[in-house]
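J.: Here you go, this is run_4.txt (compact mmCIF, C-alpha atoms).
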# COMPACT_ATOMS: atom_id res chain seq x y z
CA ASP A 290 -7.77 -19.57 19.70
CA ALA A 291 -10.17 -21.37 17.35
CA GLY A 292 -11.64 -18.13 16.06
CA VAL A 293 -15.32 -17.24 16.00
CA ILE A 294 -17.40 -20.40 16.05
CA GLN A 295 -20.88 -20.52 14.59
CA SER A 296 -23.40 -23.32 14.61
CA PRO A 297 -24.99 -24.86 12.74
CA ARG A 298 -23.13 -24.43 9.45
CA HIS A 299 -26.24 -25.23 7.47
CA GLU A 300 -29.89 -25.10 8.43
CA VAL A 301 -32.90 -26.03 6.35
CA THR A 302 -36.26 -25.39 7.93
CA GLU A 303 -39.88 -25.02 6.98
CA MET A 304 -41.65 -21.71 6.90
CA GLY A 305 -43.12 -20.85 10.28
CA GLN A 306 -40.56 -22.78 12.30
CA GLU A 307 -38.29 -21.20 14.90
CA VAL A 308 -34.62 -20.97 13.98
CA THR A 309 -31.80 -20.36 16.45
CA LEU A 310 -28.29 -19.52 15.30
CA ARG A 311 -25.40 -19.66 17.75
CA CYS A 312 -22.10 -17.87 18.05
CA LYS A 313 -19.04 -18.17 20.28
CA PRO A 314 -16.83 -15.08 19.91
CA ILE A 315 -13.08 -14.99 20.34
CA SER A 316 -12.14 -14.98 24.00
CA GLY A 317 -11.34 -11.47 25.25
CA HIS A 318 -13.27 -9.69 22.51
CA ASN A 319 -15.92 -7.36 23.87
CA SER A 320 -17.72 -6.43 20.63
CA LEU A 321 -19.98 -8.85 18.79
CA PHE A 322 -21.82 -8.35 15.53
CA TRP A 323 -24.49 -10.31 13.68
CA TYR A 324 -24.70 -9.87 9.91
CA ARG A 325 -26.90 -11.20 7.14
CA GLN A 326 -25.52 -11.61 3.62
CA THR A 327 -27.52 -12.03 0.42
CA MET A 328 -26.69 -11.44 -3.22
CA MET A 329 -29.32 -8.72 -3.43
CA ARG A 330 -28.50 -6.74 -0.30
CA GLY A 331 -24.87 -7.59 0.44
CA LEU A 332 -23.62 -7.74 4.02
CA GLU A 333 -26.13 -6.13 6.38
CA LEU A 334 -25.40 -5.36 10.02
CA LEU A 335 -28.27 -6.69 12.11
CA ILE A 336 -27.15 -5.98 15.67
CA TYR A 337 -24.06 -4.98 17.61
CA PHE A 338 -23.28 -5.88 21.23
CA ASN A 339 -20.65 -4.25 23.40
CA ASN A 340 -19.79 -5.97 26.69
CA ASN A 341 -22.86 -8.19 26.24
CA VAL A 342 -25.21 -5.21 25.94
CA PRO A 343 -27.09 -4.54 22.68
CA ILE A 344 -25.93 -1.13 21.46
CA ASP A 345 -27.36 -0.87 17.98
CA ASP A 346 -30.19 -3.09 16.76
CA SER A 347 -31.44 -0.75 14.05
CA GLY A 348 -30.60 -3.33 11.43
CA MET A 349 -32.88 -6.01 12.83
CA PRO A 350 -35.47 -6.32 10.06
CA GLU A 351 -38.56 -6.92 12.15
CA ASP A 352 -39.92 -8.28 15.39
CA ARG A 353 -39.50 -11.84 14.19
CA PHE A 354 -35.77 -11.40 14.77
CA SER A 355 -34.25 -11.30 18.25
CA ALA A 356 -30.71 -11.58 19.55
CA LYS A 357 -29.27 -12.23 22.98
CA MET A 358 -25.86 -12.29 24.56
CA PRO A 359 -26.22 -13.82 28.03
CA ASN A 360 -22.47 -13.82 28.65
CA ALA A 361 -19.19 -12.86 27.01
CA SER A 362 -18.75 -16.23 25.32
CA PHE A 363 -22.13 -16.88 23.74
CA SER A 364 -24.74 -15.18 21.58
CA THR A 365 -27.86 -16.32 19.75
CA LEU A 366 -29.89 -14.96 16.87
CA LYS A 367 -33.43 -16.24 16.76
CA ILE A 368 -36.00 -16.00 13.99
CA GLN A 369 -39.58 -16.83 14.93
CA PRO A 370 -41.51 -17.52 12.77
CA SER A 371 -39.13 -18.00 9.86
CA GLU A 372 -40.07 -17.02 6.30
CA PRO A 373 -38.55 -17.93 2.91
CA ARG A 374 -37.19 -14.37 2.54
CA ASP A 375 -35.02 -14.97 5.60
CA SER A 376 -32.92 -17.38 3.55
CA ALA A 377 -29.36 -16.03 3.62
CA VAL A 378 -25.94 -16.58 5.11
CA TYR A 379 -25.77 -15.26 8.67
CA PHE A 380 -22.37 -14.25 10.00
CA CYS A 381 -21.25 -13.56 13.51
CA ALA A 382 -18.12 -11.45 14.06
CA SER A 383 -16.22 -10.26 17.10
CA SER A 384 -13.60 -7.60 17.71
CA ALA A 385 -11.51 -6.42 20.61
CA THR A 386 -13.12 -2.99 20.39
CA ARG A 387 -15.56 -1.51 17.89
CA GLY A 388 -13.02 0.36 15.81
CA THR A 389 -10.71 -2.55 15.26
CA GLU A 390 -10.55 -5.61 13.05
CA ALA A 391 -13.61 -7.82 13.13
CA PHE A 392 -13.04 -11.55 12.91
CA PHE A 393 -15.80 -13.47 11.19
CA GLY A 394 -17.10 -16.95 11.74
CA GLN A 395 -17.70 -19.34 8.86
CA GLY A 396 -21.37 -18.37 8.70
CA THR A 397 -24.65 -20.26 8.90
CA ARG A 398 -26.36 -20.87 5.58
CA LEU A 399 -30.09 -20.73 6.31
CA THR A 400 -32.68 -21.99 3.86
CA VAL A 401 -36.35 -21.56 4.69
CA VAL A 402 -38.65 -23.57 2.45
CA GLN B 58 -29.00 6.44 1.97
CA LYS B 59 -26.73 3.63 3.09
CA GLU B 60 -23.80 4.68 5.25
CA VAL B 61 -21.34 2.94 2.95
CA GLU B 62 -21.91 2.68 -0.80
CA GLN B 63 -19.98 0.32 -3.03
CA ASP B 64 -20.50 -0.72 -6.63
CA PRO B 65 -21.16 -4.48 -6.53
CA GLY B 66 -19.65 -5.05 -9.97
CA PRO B 67 -18.85 -7.72 -11.04
CA LEU B 68 -15.42 -6.70 -12.22
CA SER B 69 -13.32 -8.90 -14.53
CA VAL B 70 -9.72 -8.09 -15.42
CA PRO B 71 -6.81 -9.93 -17.07
CA GLU B 72 -3.92 -11.16 -14.96
CA GLY B 73 -1.38 -8.43 -14.31
CA ALA B 74 -3.87 -5.58 -14.52
CA ILE B 75 -4.17 -2.83 -11.94
CA VAL B 76 -7.49 -3.04 -10.12
CA SER B 77 -9.24 -0.07 -8.53
CA LEU B 78 -12.06 -0.65 -6.06
CA ASN B 79 -13.96 2.25 -4.53
CA CYS B 80 -16.47 3.17 -1.85
CA THR B 81 -18.10 6.29 -0.53
CA TYR B 82 -19.36 6.86 2.99
CA SER B 83 -21.77 9.34 4.48
CA ASN B 84 -20.64 9.98 8.06
CA SER B 85 -17.80 12.50 8.22
CA ALA B 86 -17.06 11.39 11.81
CA PHE B 87 -15.70 8.04 10.66
CA GLN B 88 -11.98 7.69 11.26
CA TYR B 89 -11.28 3.98 10.69
CA PHE B 90 -11.62 2.32 7.32
CA MET B 91 -11.07 -1.26 6.38
CA TRP B 92 -11.02 -3.52 3.35
CA TYR B 93 -12.01 -7.13 3.70
CA ARG B 94 -11.62 -9.97 1.23
CA GLN B 95 -14.16 -12.77 1.05
CA TYR B 96 -13.62 -15.99 -0.82
CA SER B 97 -16.57 -18.08 -1.87
CA ARG B 98 -18.36 -19.78 1.03
CA LYS B 99 -16.06 -18.18 3.59
CA GLY B 100 -16.38 -15.30 6.03
CA PRO B 101 -14.74 -11.96 5.22
CA GLU B 102 -11.12 -11.50 6.34
CA LEU B 103 -9.36 -8.22 6.98
CA LEU B 104 -7.06 -7.16 4.17
CA MET B 105 -6.18 -3.53 4.93
CA TYR B 106 -6.82 -1.15 7.83
CA THR B 107 -6.36 2.62 7.66
CA TYR B 108 -6.91 5.46 10.07
CA SER B 109 -7.98 8.92 8.90
CA SER B 110 -6.76 10.20 5.54
CA GLY B 111 -3.82 9.08 3.47
CA ASN B 112 -2.36 5.97 1.89
CA LYS B 113 -1.30 2.64 3.28
CA GLU B 114 0.64 0.11 1.27
CA ASP B 115 1.07 -3.61 1.86
CA GLY B 116 2.76 -5.51 -0.92
CA ARG B 117 0.62 -5.30 -4.04
CA PHE B 118 -2.23 -3.63 -2.15
CA THR B 119 -2.70 0.09 -1.48
CA ALA B 120 -5.56 1.56 0.53
CA GLN B 121 -6.37 5.22 0.12
CA VAL B 122 -8.69 7.45 2.14
CA ASP B 123 -9.83 10.91 1.08
CA LYS B 124 -11.87 12.31 3.96
CA SER B 125 -12.61 15.57 2.14
CA SER B 126 -14.66 13.68 -0.43
CA LYS B 127 -15.58 10.73 1.84
CA TYR B 128 -14.02 8.35 -0.65
CA ILE B 129 -12.01 5.20 0.02
CA SER B 130 -10.14 3.12 -2.52
CA LEU B 131 -8.24 -0.13 -2.77
CA PHE B 132 -5.69 -0.63 -5.52
CA ILE B 133 -4.30 -4.03 -6.46
CA ARG B 134 -1.16 -4.05 -8.59
CA ASP B 135 -0.11 -6.98 -10.77
CA SER B 136 -3.39 -8.74 -10.06
CA GLN B 137 -3.32 -12.53 -9.83
CA PRO B 138 -6.02 -15.17 -10.34
CA SER B 139 -5.73 -15.86 -6.59
CA ASP B 140 -7.02 -12.31 -6.00
CA SER B 141 -10.40 -13.39 -7.38
CA ALA B 142 -12.80 -12.78 -4.51
CA THR B 143 -15.35 -10.31 -3.22
CA TYR B 144 -13.85 -7.16 -1.71
CA LEU B 145 -15.82 -5.26 0.92
CA CYS B 146 -15.08 -1.85 2.35
CA ALA B 147 -16.06 -1.14 5.95
CA THR B 148 -16.05 1.61 8.51
CA GLN B 149 -15.62 1.62 12.25
CA GLY B 150 -19.34 1.30 12.84
CA GLY B 151 -19.30 -2.27 11.58
CA ARG B 152 -20.97 -0.99 8.43
CA PHE B 153 -20.00 -2.68 5.19
CA GLY B 154 -20.38 -1.85 1.55
CA ALA B 155 -22.20 -4.30 -0.68
CA GLY B 156 -18.93 -5.84 -1.86
CA THR B 157 -17.39 -5.92 -5.34
CA ARG B 158 -16.89 -9.33 -6.91
CA LEU B 159 -13.54 -9.41 -8.70
CA THR B 160 -12.41 -12.04 -11.20
CA VAL B 161 -8.82 -12.04 -12.42
CA LYS B 162 -8.50 -14.13 -15.57
CA PRO B 163 -5.24 -15.97 -16.37
Represent the supplied structure as structure tokens.
T.:
Amino acid sequence: DAGVIQSPRHEVTEMGQEVTLRCKPISGHNSLFWYRQTMMRGLELLIYFNNNVPIDDSGMPEDRFSAKMPNASFSTLKIQPSEPRDSAVYFCASSATRGTEAFFGQGTRLTVV
Amino acid sequence: QKEVEQDPGPLSVPEGAIVSLNCTYSNSAFQYFMWYRQYSRKGPELLMYTYSSGNKEDGRFTAQVDKSSKYISLFIRDSQPSDSATYLCATQGGRFGAGTRLTVKP
């Protein structure tokens, strides 16, 4: 298995634009997590899906952020409209079940100018 | 209060030193505890996994959980420059500490 695949690796966008980050979890994993990492705040859990259903979205910072998981092999995190303070590295991770090891993708480095 | 608290450091030690990294957590129901290691510009990777209280050893690494005080620790013996990375503690809820950046100097 190729591991968790995220795209794009880097994204530079202007303030106000829509940004869509994509994630392909490891096949057979039924838990998927989206994280945001910054120097100031560390690794923050944004949302957790189990069997494609959002279970915990309490970490989603505001209504500008939305996440979907239409099937077991694909998830998106969308920011609309983007703001400079959204600049961070966004990680997607998947695990077989919630209590077990999470495997992380390489991350998407987002810069909003 | 964050569910998992971790001193972000940074921490700098000479090669060969014993390193102690620590976290506290708030939810007494947590049973699974993990330590991840993250190298620069990479995603975190699992280093140690423990269930409930007690110690777990893997080579130069020892993970310790004290559920009575809600305290988890990672010890690195004979630290090497290749251990230089950010170390993050985590619980079963997918909750991570802030991460401690460790530098081991030759």
J.: Could you list the residues in chain A lying within 7 Å of chain B, using only C-alpha atoms, and format the result as a PyMOL selection string?
T.: chain A and resi 330-332+334+387-388+390+392-396
J.: Would you mind listing what lies within 10 Å of A:Arg353 as a list in words, with only C-alpha atoms counted and same-chain residues fewer than 4 positions away left out?
T.: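 Counting only the stated atoms, we get Glu307, Met349, Lys367, Ile368, Gln369, Pro370, Ser371 and Glu372 of chain A.
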J.: Do you know which residues lie at most 9 Å from (-16.7, -9.5, 24.2), with coordinates as in the file and all atoms listed in the file counted, and could you write them as number ranges by chain?
T.: A: 314-321, 338-341, 360-362, 383-386
J.: Separation of atom CA of B:Glu114 and atom CA of B:Arg94, in Å?
T.: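 Separation between atom CA of B:Glu114 and atom CA of B:Arg94: 15.9 Å.
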J.: Taking 5 positions as the minimum chain separation for residues in the same chain, which residues sit within 12 Å of B:Ala74 when counting only C-alpha atoms? Answer as a PyMOL selection string.
T.: chain B and resi 68-69+117+132-138+140+159-163
J.: I need every residue sitting at most 10 Å from the point (-11.1, 12.3, 4.6) (coordinates as in the file, only C-alpha atoms considered), written as a PyMOL selection string.
T.: chain B and resi 85-88+108-111+121-129
J.: Please provide the set of residues having any atom within 9 Å of A:Cys312, restricted to all atoms listed in the file, with same-chain residues fewer than 6 positions apart removed, written as an mmCIF file with C-alpha atoms, keeping the file's coordinate frame.
T.:
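Output saved as around-v3.cif:
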data_model
loop_
_atom_site.group_PDB
_atom_site.id
_atom_site.type_symbol
_atom_site.label_atom_id
_atom_site.label_comp_id
_atom_site.auth_asym_id
_atom_site.auth_seq_id
_atom_site.Cartn_x
_atom_site.Cartn_y
_atom_site.Cartn_z
ATOM 1 C CA VAL A 293 -15.320 -17.240 16.000
ATOM 2 C CA ILE A 294 -17.400 -20.400 16.050
ATOM 3 C CA GLN A 295 -20.880 -20.520 14.590
ATOM 4 C CA SER A 296 -23.400 -23.320 14.610
ATOM 5 C CA SER A 362 -18.750 -16.230 25.320
ATOM 6 C CA PHE A 363 -22.130 -16.880 23.740
ATOM 7 C CA SER A 364 -24.740 -15.180 21.580
ATOM 8 C CA THR A 365 -27.860 -16.320 19.750
ATOM 9 C CA LEU A 366 -29.890 -14.960 16.870
ATOM 10 C CA PHE A 380 -22.370 -14.250 10.000
ATOM 11 C CA CYS A 381 -21.250 -13.560 13.510
ATOM 12 C CA ALA A 382 -18.120 -11.450 14.060
ATOM 13 C CA GLY A 394 -17.100 -16.950 11.740
#
J.: What is the atom CA of B:Pro67-atom CA of A:Ser376 distance in Å, reported with one decimal?
T.: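 So the two atoms, atom CA of B:Pro67 and atom CA of A:Ser376, lie 22.5 Å apart.
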J.: Hey, which of A:Trp323, A:Thr400, A:Ala377, A:Met329 ends up closest to A:Asp345? Count all atoms listed in the file.
T.: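 Checking each candidate against A:Asp345, we get A:Trp323 as the closest.
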J.: Using all atoms listed in the file, which of A:Gly348, A:Val308, A:Lys357, A:Ile336 sits nearest A:Phe322?
T.: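 Comparing A:Gly348, A:Val308, A:Lys357, A:Ile336 against A:Phe322, the winner is A:Ile336.
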J.: What does the distance from atom CA of B:Asn84 to atom CA of B:Leu131 come to in Å, to one decimal?
T.: 19.3 Å
J.: Excluding B:Arg158 and any residue of its chain fewer than 6 positions from it, enumerate the residues within 6 Å of it, using only C-alpha atoms, and give them as a list in words.
T.: Gly66, Pro67, Ala142 and Thr143 of chain B
J.: Which polymer residues have any atom within 6 Å of an atom of B:Val61, counting all atoms listed in the file, with same-chain residues fewer than 2 positions away left out, as a list in words?
T.: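 Contacts, with the query itself left out: Lys59, Thr81, Tyr82 and Gly154 of chain B.
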J.: Quick one: stretch 118-139 of chain B with N, CA and C atoms, as a PDB file, in the coordinates of the input?
T.:
ATOM      1  N   PHE B 118      -0.988  -4.305  -2.513  1.00  0.00           N
ATOM      2  CA  PHE B 118      -2.230  -3.630  -2.150  1.00  0.00           C
ATOM      3  C   PHE B 118      -1.949  -2.238  -1.572  1.00  0.00           C
ATOM      4  N   THR B 119      -2.761  -1.261  -2.014  1.00  0.00           N
ATOM      5  CA  THR B 119      -2.700   0.090  -1.480  1.00  0.00           C
ATOM      6  C   THR B 119      -4.100   0.554  -1.133  1.00  0.00           C
ATOM      7  N   ALA B 120      -4.276   0.994   0.108  1.00  0.00           N
ATOM      8  CA  ALA B 120      -5.560   1.560   0.530  1.00  0.00           C
ATOM      9  C   ALA B 120      -5.405   3.063   0.630  1.00  0.00           C
ATOM     10  N   GLN B 121      -6.422   3.759   0.165  1.00  0.00           N
ATOM     11  CA  GLN B 121      -6.370   5.220   0.120  1.00  0.00           C
ATOM     12  C   GLN B 121      -7.656   5.775   0.713  1.00  0.00           C
ATOM     13  N   VAL B 122      -7.524   6.804   1.546  1.00  0.00           N
ATOM     14  CA  VAL B 122      -8.690   7.450   2.140  1.00  0.00           C
ATOM     15  C   VAL B 122      -8.626   8.944   1.836  1.00  0.00           C
ATOM     16  N   ASP B 123      -9.705   9.474   1.310  1.00  0.00           N
ATOM     17  CA  ASP B 123      -9.830  10.910   1.080  1.00  0.00           C
ATOM     18  C   ASP B 123     -11.031  11.387   1.891  1.00  0.00           C
ATOM     19  N   LYS B 124     -10.775  11.916   3.068  1.00  0.00           N
ATOM     20  CA  LYS B 124     -11.870  12.310   3.960  1.00  0.00           C
ATOM     21  C   LYS B 124     -12.603  13.537   3.430  1.00  0.00           C
ATOM     22  N   SER B 125     -11.936  14.359   2.642  1.00  0.00           N
ATOM     23  CA  SER B 125     -12.610  15.570   2.140  1.00  0.00           C
ATOM     24  C   SER B 125     -13.757  15.205   1.208  1.00  0.00           C
ATOM     25  N   SER B 126     -13.591  14.094   0.475  1.00  0.00           N
ATOM     26  CA  SER B 126     -14.660  13.680  -0.430  1.00  0.00           C
ATOM     27  C   SER B 126     -15.376  12.431   0.068  1.00  0.00           C
ATOM     28  N   LYS B 127     -14.976  11.932   1.236  1.00  0.00           N
ATOM     29  CA  LYS B 127     -15.580  10.730   1.840  1.00  0.00           C
ATOM     30  C   LYS B 127     -15.482   9.554   0.845  1.00  0.00           C
ATOM     31  N   TYR B 128     -14.273   9.319   0.407  1.00  0.00           N
ATOM     32  CA  TYR B 128     -14.020   8.350  -0.650  1.00  0.00           C
ATOM     33  C   TYR B 128     -12.877   7.448  -0.207  1.00  0.00           C
ATOM     34  N   ILE B 129     -13.081   6.140  -0.317  1.00  0.00           N
ATOM     35  CA  ILE B 129     -12.010   5.200   0.020  1.00  0.00           C
ATOM     36  C   ILE B 129     -11.778   4.269  -1.161  1.00  0.00           C
ATOM     37  N   SER B 130     -10.518   3.920  -1.366  1.00  0.00           N
ATOM     38  CA  SER B 130     -10.140   3.120  -2.520  1.00  0.00           C
ATOM     39  C   SER B 130      -9.174   2.024  -2.124  1.00  0.00           C
ATOM     40  N   LEU B 131      -9.213   0.959  -2.890  1.00  0.00           N
ATOM     41  CA  LEU B 131      -8.240  -0.130  -2.770  1.00  0.00           C
ATOM     42  C   LEU B 131      -7.681  -0.383  -4.160  1.00  0.00           C
ATOM     43  N   PHE B 132      -6.354  -0.346  -4.262  1.00  0.00           N
ATOM     44  CA  PHE B 132      -5.690  -0.630  -5.520  1.00  0.00           C
ATOM     45  C   PHE B 132      -4.921  -1.950  -5.390  1.00  0.00           C
ATOM     46  N   ILE B 133      -5.042  -2.774  -6.417  1.00  0.00           N
ATOM     47  CA  ILE B 133      -4.300  -4.030  -6.460  1.00  0.00           C
ATOM     48  C   ILE B 133      -3.408  -3.970  -7.696  1.00  0.00           C
ATOM     49  N   ARG B 134      -2.102  -4.043  -7.469  1.00  0.00           N
ATOM     50  CA  ARG B 134      -1.160  -4.050  -8.590  1.00  0.00           C
ATOM     51  C   ARG B 134      -0.849  -5.470  -8.992  1.00  0.00           C
ATOM     52  N   ASP B 135      -0.500  -5.649 -10.277  1.00  0.00           N
ATOM     53  CA  ASP B 135      -0.110  -6.980 -10.770  1.00  0.00           C
ATOM     54  C   ASP B 135      -1.092  -8.043 -10.284  1.00  0.00           C
ATOM     55  N   SER B 136      -2.350  -7.848 -10.580  1.00  0.00           N
ATOM     56  CA  SER B 136      -3.390  -8.740 -10.060  1.00  0.00           C
ATOM     57  C   SER B 136      -3.163 -10.180 -10.514  1.00  0.00           C
ATOM     58  N   GLN B 137      -3.510 -11.095  -9.625  1.00  0.00           N
ATOM     59  CA  GLN B 137      -3.320 -12.530  -9.830  1.00  0.00           C
ATOM     60  C   GLN B 137      -4.661 -13.253  -9.776  1.00  0.00           C
ATOM     61  N   PRO B 138      -4.761 -14.407 -10.435  1.00  0.00           N
ATOM     62  CA  PRO B 138      -6.020 -15.170 -10.340  1.00  0.00           C
ATOM     63  C   PRO B 138      -6.419 -15.472  -8.895  1.00  0.00           C
ATOM     64  N   SER B 139      -5.428 -15.593  -8.003  1.00  0.00           N
ATOM     65  CA  SER B 139      -5.730 -15.860  -6.590  1.00  0.00           C
ATOM     66  C   SER B 139      -6.366 -14.657  -5.893  1.00  0.00           C
TER      67      SER B 139
END
